[in-house]
Every structure is written in C-alpha cells, then in structure tokens.
Amino acid sequence: MHDISLTALAALCVAAALAGWIDAVVGGGGLLQLPALLIAFPHLPPAYALGTNKAVAVVGTSAAAVTYARKAPFDVRLAARLGLVAALASVGGAFFAAGVESSVLRPLIIVLLLGVAAFVVLRPHFGHTGGGTVTRRRVLAAFAVAGVGIGFYDGVLGPGTGTFLVIALVALLNMNMVTASATTKVVNVCTNIGALAMFTWQGTVLWALAPVLALCNMGGAFLGAHMALKRGSGFVRAVLLVTVVGLVGKLAYDQWWA
C-alpha cells in the first residue's frame, strides 16, 4: 500500500463507517467512500479506488443483509435470483469500467436522480405501504432494470447503486421502503462480489487498506440496518431524499466544476 498519513487513514475510516450506514439504510454509500479514496490516493488510477471501494462495500452490505434477513420479512429467493443476474451484469460493467467515459454518464444519471427526487416528493406515500398484485411483466421488468441495468452500472461506476435498486424495487414490485432496502442488500452483495472479482483479476484492489476500512464499514452498516428496521419506511424515505440530493450535487460538481 502506498504511504498514507494517520490523518488520512482516520478520515477514510470515518468515511467508510458513514458509507456503511447510508448503504444499510437506503444505499448510496459510495457517494462518500469513493471520493474519499480518490482524494487519499490522487496519483493512482481511478480503478484502484473503484476496486478498493468494492472490497470494503461487500463486507458492509453483507453485514446489513444478515441483519435484515433476521428481522425483516422479504423474499430471499427473489433477492438471490435478482442478485445473480446483477452480479453477472456487474462483472461486465467492471470489465468496461476503464474504457467508459464517466463524463458521458454523469449528466444522464443527474437527470434520472432529479426525476426520482421529484417523484418521491410529489408522491408522499411512495414506499410506505407496499403490497398489491405484482404481474409477471413487472417481475421481468425488475430483472431487466434492477438486475441487468443497475448491475452493469454498479460495475462501471457504482455510487448510488443501492439508491437506484430501492427505487426500482418499490416502483416495479410494490415493496415498501424497508422491504426494498432489505432486498437491495442481498442484490448489492452479489453485484459487489461480481465487480470485486473482476477488479481483483485486474489487480486494482489495495488489499493492505481494505480490511481496516471494511471493519469500519461493517460497524456503520449494522447501525444503519437496525435504525431502518426500528424507524420504518418514513425514515428510509427521508434518508433516500437526502442521499439523492447529495449524489446529484457530487455528480454535478465532478461534471462541471472539478
């Protein structure tokens, strides 16, 4: 591992813990963790930050998934099948990560996130109740959007993946926010494993640093999952909106001012 000061290491640990908390509640922890890694190692290719971020995130999302599985009712089989499709897509995304211009993707993601924020604000009951009949067409759409589309995005770029998954599952499968967050954790574990496998093969993971950050991320994930389960869909919805606004701000800064 390249030399890193204790101050920078402490800042990375704090970012990892906060990222784990956000990921466990609604997803989007990469909003904090990935920029922190890029700042800490400005002279390394971005692929190292992406690879190390996956090595850390897979531990936190696994911890959150276990916590949700013990206390929140959700369809584990559906989550696992979605996760398998998303994992395969994320491997493809990670393979193409080095050749994709993020400057092309960012404006599209910003527009999508702004639309999501407007939808959630204008639909105050979105994700509060859940339930209702889910048709086969909706299930197939969920596999296409959440599995293939978002899985590929997670491999290519990553930040906001959990947020996109929660919104897709609520909108397409009529889940409430807590159930969607629980399902998302299983899917996100799979996408992280898929992308991490590719980054490991490419040799772009800082393995000396990842375990330390992973422990901090796991602690934040445990706390976030317990808070989401205790406080319910309203709390998750509020964190979702804050995360979306933060993600839009970060992407806009990277696109036009960085």
# chains A, B, ... in the order shown; residues from 1 in each chain; ligands from 1
$ residues_around --residues "Met227 in chain A" --least-positions-apart "4" --cutoff "10 Å" --atoms "only C-alpha atoms" --output "count of residues only"
10
$ select_by_dssp --residues "range 119-178 of chain A" --states "helix (DSSP H, G or I)" --output "VMD selection string"
chain A and resid 119 to 122 136 to 156 161 to 173 177 to 178
$ atom_distance --atom1 "CA of Ile39 in chain A" --atom2 "CA of Ala11 in chain A"
10.5 Å
$ residues_around --residues "Val145 in chain A" --least-positions-apart "6" --cutoff "9 Å" --atoms "only C-alpha atoms" --output "list in words"
Gly151, Leu165 and Ala168 of chain A
$ write_last_selection --atoms "N, CA and C atoms" --output "CSV table (one decimal), in the first residue's frame"
chain,number,residue,atom,x,y,z
A,151,GLY,N,-27.2,-3.4,-12.3
A,151,GLY,CA,-26.0,-4.3,-12.0
A,151,GLY,C,-24.8,-3.8,-12.9
A,165,LEU,N,-31.6,0.8,-6.8
A,165,LEU,CA,-32.2,-0.5,-6.5
A,165,LEU,C,-33.4,-0.4,-5.7
A,168,ALA,N,-36.2,1.2,-7.8
A,168,ALA,CA,-36.7,0.3,-8.8
A,168,ALA,C,-37.6,-0.8,-8.1
$ atom_distance --atom1 "CA of Trp201 in chain A" --atom2 "CA of Asp254 in chain A"
28.1 Å
$ closest_residue --among "A:Leu34, A:Pro107, A:Ala69, A:Asp3" --to "Val248 in chain A" --atoms "only C-alpha atoms"
A:Pro107
$ closest_atom_pairs --of "range 166-207 of chain A" --to "range 43-63 of chain A" --cutoff "8 Å" --atoms "only C-alpha atoms" --output "Markdown table"
| residue | atom | partner | partner_atom | distance |
| --- | --- | --- | --- | --- |
| A:Lys185 | CA | A:Thr61 | CA | 5.7 |
| A:Val186 | CA | A:Ser62 | CA | 7.4 |
| A:Asn188 | CA | A:Thr61 | CA | 6.8 |
| A:Val189 | CA | A:Val58 | CA | 5.6 |
| A:Asn192 | CA | A:Val58 | CA | 5.5 |
| A:Ile193 | CA | A:Val58 | CA | 6.5 |
| A:Ala195 | CA | A:Lys54 | CA | 7.1 |
| A:Leu196 | CA | A:Lys54 | CA | 5.6 |
| A:Phe199 | CA | A:Gly51 | CA | 5.2 |
| A:Thr200 | CA | A:Gly51 | CA | 7.3 |
| A:Thr204 | CA | A:Tyr48 | CA | 4.6 |
| A:Val205 | CA | A:Thr52 | CA | 4.7 |
| A:Leu206 | CA | A:Thr52 | CA | 5.6 |
| A:Trp207 | CA | A:Thr52 | CA | 7.4 |
$ atom_distance --atom1 "CA of Leu240 in chain A" --atom2 "CA of Val26 in chain A"
5.9 Å
$ closest_residue --among "A:Gly162, A:Gly203, A:Gly149, A:Gly27" --to "Ala89 in chain A" --atoms "only C-alpha atoms"
A:Gly149
$ residues_around --residues "range 92-97 of chain A" --least-positions-apart "3" --cutoff "7 Å" --atoms "only C-alpha atoms" --output "ChimeraX atom specification"
/A:88-89,100,152-157,195,198-199
$ closest_residue --among "A:Ala16, A:Leu113, A:Ala79, A:Leu6" --to "Thr191 in chain A" --atoms "only C-alpha atoms"
A:Ala79
$ closest_residue --among "A:Tyr68, A:Phe74, A:Phe164, A:Phe41" --to "Gly115 in chain A" --atoms "only C-alpha atoms"
A:Phe164
$ residues_around --residues "range 131-141 of chain A" --least-positions-apart "3" --cutoff "9 Å" --atoms "only C-alpha atoms" --output "VMD selection string"
chain A and resid 144 to 146 172 to 176
$ write_last_selection --atoms "all heavy atoms" --output "PDB file, in the first residue's frame"
ATOM      1  N   ALA A 144     -34.870  -6.816 -15.580  1.00  0.00           N
ATOM      2  CA  ALA A 144     -34.180  -6.053 -16.622  1.00  0.00           C
ATOM      3  C   ALA A 144     -33.565  -4.774 -16.054  1.00  0.00           C
ATOM      4  O   ALA A 144     -32.406  -4.444 -16.343  1.00  0.00           O
ATOM      5  CB  ALA A 144     -35.154  -5.708 -17.750  1.00  0.00           C
ATOM      6  N   VAL A 145     -34.337  -4.063 -15.236  1.00  0.00           N
ATOM      7  CA  VAL A 145     -33.875  -2.771 -14.712  1.00  0.00           C
ATOM      8  C   VAL A 145     -32.912  -2.956 -13.540  1.00  0.00           C
ATOM      9  O   VAL A 145     -31.773  -2.462 -13.553  1.00  0.00           O
ATOM     10  CB  VAL A 145     -35.076  -1.902 -14.284  1.00  0.00           C
ATOM     11  CG1 VAL A 145     -34.583  -0.612 -13.609  1.00  0.00           C
ATOM     12  CG2 VAL A 145     -35.944  -1.566 -15.484  1.00  0.00           C
ATOM     13  N   ALA A 146     -33.392  -3.668 -12.495  1.00  0.00           N
ATOM     14  CA  ALA A 146     -32.593  -3.825 -11.284  1.00  0.00           C
ATOM     15  C   ALA A 146     -31.450  -4.816 -11.478  1.00  0.00           C
ATOM     16  O   ALA A 146     -30.346  -4.622 -10.957  1.00  0.00           O
ATOM     17  CB  ALA A 146     -33.476  -4.278 -10.121  1.00  0.00           C
ATOM     18  N   LEU A 172     -41.463  -1.055  -9.145  1.00  0.00           N
ATOM     19  CA  LEU A 172     -41.829  -2.174 -10.017  1.00  0.00           C
ATOM     20  C   LEU A 172     -42.475  -3.343  -9.284  1.00  0.00           C
ATOM     21  O   LEU A 172     -43.350  -4.022  -9.834  1.00  0.00           O
ATOM     22  CB  LEU A 172     -40.586  -2.678 -10.763  1.00  0.00           C
ATOM     23  CG  LEU A 172     -39.971  -1.696 -11.762  1.00  0.00           C
ATOM     24  CD1 LEU A 172     -38.639  -2.228 -12.279  1.00  0.00           C
ATOM     25  CD2 LEU A 172     -40.928  -1.441 -12.931  1.00  0.00           C
ATOM     26  N   LEU A 173     -42.068  -3.584  -8.028  1.00  0.00           N
ATOM     27  CA  LEU A 173     -42.570  -4.744  -7.298  1.00  0.00           C
ATOM     28  C   LEU A 173     -43.453  -4.384  -6.106  1.00  0.00           C
ATOM     29  O   LEU A 173     -43.780  -5.242  -5.280  1.00  0.00           O
ATOM     30  CB  LEU A 173     -41.388  -5.607  -6.832  1.00  0.00           C
ATOM     31  CG  LEU A 173     -40.493  -6.165  -7.951  1.00  0.00           C
ATOM     32  CD1 LEU A 173     -39.381  -7.021  -7.371  1.00  0.00           C
ATOM     33  CD2 LEU A 173     -41.322  -6.972  -8.958  1.00  0.00           C
ATOM     34  N   ASN A 174     -43.822  -3.114  -6.011  1.00  0.00           N
ATOM     35  CA  ASN A 174     -44.748  -2.653  -4.965  1.00  0.00           C
ATOM     36  C   ASN A 174     -44.272  -2.965  -3.549  1.00  0.00           C
ATOM     37  O   ASN A 174     -45.075  -3.243  -2.644  1.00  0.00           O
ATOM     38  CB  ASN A 174     -46.144  -3.267  -5.167  1.00  0.00           C
ATOM     39  CG  ASN A 174     -46.797  -2.812  -6.449  1.00  0.00           C
ATOM     40  OD1 ASN A 174     -46.504  -1.729  -6.956  1.00  0.00           O
ATOM     41  ND2 ASN A 174     -47.672  -3.639  -7.003  1.00  0.00           N
ATOM     42  N   MET A 175     -42.959  -2.924  -3.326  1.00  0.00           N
ATOM     43  CA  MET A 175     -42.427  -3.152  -1.981  1.00  0.00           C
ATOM     44  C   MET A 175     -42.507  -1.874  -1.167  1.00  0.00           C
ATOM     45  O   MET A 175     -42.533  -0.767  -1.721  1.00  0.00           O
ATOM     46  CB  MET A 175     -40.966  -3.596  -2.051  1.00  0.00           C
ATOM     47  CG  MET A 175     -40.743  -4.945  -2.698  1.00  0.00           C
ATOM     48  SD  MET A 175     -38.973  -5.372  -2.695  1.00  0.00           S
ATOM     49  CE  MET A 175     -39.019  -6.969  -3.497  1.00  0.00           C
ATOM     50  N   ASN A 176     -42.562  -1.995   0.174  1.00  0.00           N
ATOM     51  CA  ASN A 176     -42.375  -0.806   0.990  1.00  0.00           C
ATOM     52  C   ASN A 176     -40.875  -0.540   1.120  1.00  0.00           C
ATOM     53  O   ASN A 176     -40.045  -1.360   0.715  1.00  0.00           O
ATOM     54  CB  ASN A 176     -43.049  -0.949   2.373  1.00  0.00           C
ATOM     55  CG  ASN A 176     -42.453  -2.077   3.194  1.00  0.00           C
ATOM     56  OD1 ASN A 176     -41.243  -2.189   3.338  1.00  0.00           O
ATOM     57  ND2 ASN A 176     -43.305  -2.930   3.736  1.00  0.00           N
TER      58      ASN A 176
END
$ closest_residue --among "A:Val239, A:Val148, A:Cys190, A:Leu213" --to "Met177 in chain A" --atoms "only C-alpha atoms"
A:Val239
$ closest_residue --among "A:Leu12, A:Val245, A:Leu122, A:Ala36" --to "Thr163 in chain A" --atoms "only C-alpha atoms"
A:Val245
$ residues_around --residues "Val178 in chain A" --least-positions-apart "4" --cutoff "7 Å" --atoms "only C-alpha atoms" --output "PyMOL selection string"
chain A and resi 182+228-229+232-233
$ decode --residues "range 24-38 of chain A" --atoms "N, CA and C atoms" --output "PDB file, in the first residue's frame"
ATOM      1  N   ALA A  24     -26.682   0.772   4.323  1.00  0.00           N
ATOM      2  CA  ALA A  24     -27.613  -0.110   5.016  1.00  0.00           C
ATOM      3  C   ALA A  24     -29.028   0.449   5.034  1.00  0.00           C
ATOM      4  N   VAL A  25     -29.153   1.763   5.121  1.00  0.00           N
ATOM      5  CA  VAL A  25     -30.483   2.377   5.197  1.00  0.00           C
ATOM      6  C   VAL A  25     -31.140   2.429   3.824  1.00  0.00           C
ATOM      7  N   VAL A  26     -30.409   2.970   2.843  1.00  0.00           N
ATOM      8  CA  VAL A  26     -31.048   3.176   1.540  1.00  0.00           C
ATOM      9  C   VAL A  26     -30.105   3.007   0.357  1.00  0.00           C
ATOM     10  N   GLY A  27     -28.834   2.764   0.597  1.00  0.00           N
ATOM     11  CA  GLY A  27     -27.871   2.662  -0.497  1.00  0.00           C
ATOM     12  C   GLY A  27     -27.273   4.012  -0.830  1.00  0.00           C
ATOM     13  N   GLY A  28     -26.167   4.013  -1.548  1.00  0.00           N
ATOM     14  CA  GLY A  28     -25.522   5.260  -1.949  1.00  0.00           C
ATOM     15  C   GLY A  28     -24.306   5.610  -1.124  1.00  0.00           C
ATOM     16  N   GLY A  29     -23.784   4.642  -0.342  1.00  0.00           N
ATOM     17  CA  GLY A  29     -22.609   4.923   0.475  1.00  0.00           C
ATOM     18  C   GLY A  29     -21.375   5.256  -0.337  1.00  0.00           C
ATOM     19  N   GLY A  30     -21.334   4.807  -1.585  1.00  0.00           N
ATOM     20  CA  GLY A  30     -20.205   5.141  -2.449  1.00  0.00           C
ATOM     21  C   GLY A  30     -20.068   6.630  -2.683  1.00  0.00           C
ATOM     22  N   LEU A  31     -21.146   7.366  -2.435  1.00  0.00           N
ATOM     23  CA  LEU A  31     -21.117   8.824  -2.530  1.00  0.00           C
ATOM     24  C   LEU A  31     -20.040   9.411  -1.622  1.00  0.00           C
ATOM     25  N   LEU A  32     -19.798   8.767  -0.473  1.00  0.00           N
ATOM     26  CA  LEU A  32     -18.773   9.218   0.459  1.00  0.00           C
ATOM     27  C   LEU A  32     -17.465   8.466   0.288  1.00  0.00           C
ATOM     28  N   GLN A  33     -17.573   7.149   0.189  1.00  0.00           N
ATOM     29  CA  GLN A  33     -16.380   6.315   0.239  1.00  0.00           C
ATOM     30  C   GLN A  33     -15.502   6.440  -1.000  1.00  0.00           C
ATOM     31  N   LEU A  34     -16.115   6.450  -2.178  1.00  0.00           N
ATOM     32  CA  LEU A  34     -15.325   6.518  -3.402  1.00  0.00           C
ATOM     33  C   LEU A  34     -14.576   7.839  -3.536  1.00  0.00           C
ATOM     34  N   PRO A  35     -15.229   9.004  -3.332  1.00  0.00           N
ATOM     35  CA  PRO A  35     -14.473  10.265  -3.394  1.00  0.00           C
ATOM     36  C   PRO A  35     -13.366  10.324  -2.350  1.00  0.00           C
ATOM     37  N   ALA A  36     -13.615   9.759  -1.153  1.00  0.00           N
ATOM     38  CA  ALA A  36     -12.581   9.763  -0.111  1.00  0.00           C
ATOM     39  C   ALA A  36     -11.345   9.003  -0.563  1.00  0.00           C
ATOM     40  N   LEU A  37     -11.536   7.859  -1.220  1.00  0.00           N
ATOM     41  CA  LEU A  37     -10.406   7.084  -1.729  1.00  0.00           C
ATOM     42  C   LEU A  37      -9.681   7.821  -2.854  1.00  0.00           C
ATOM     43  N   LEU A  38     -10.448   8.478  -3.714  1.00  0.00           N
ATOM     44  CA  LEU A  38      -9.832   9.243  -4.817  1.00  0.00           C
ATOM     45  C   LEU A  38      -8.993  10.397  -4.279  1.00  0.00           C
TER      46      LEU A  38
END
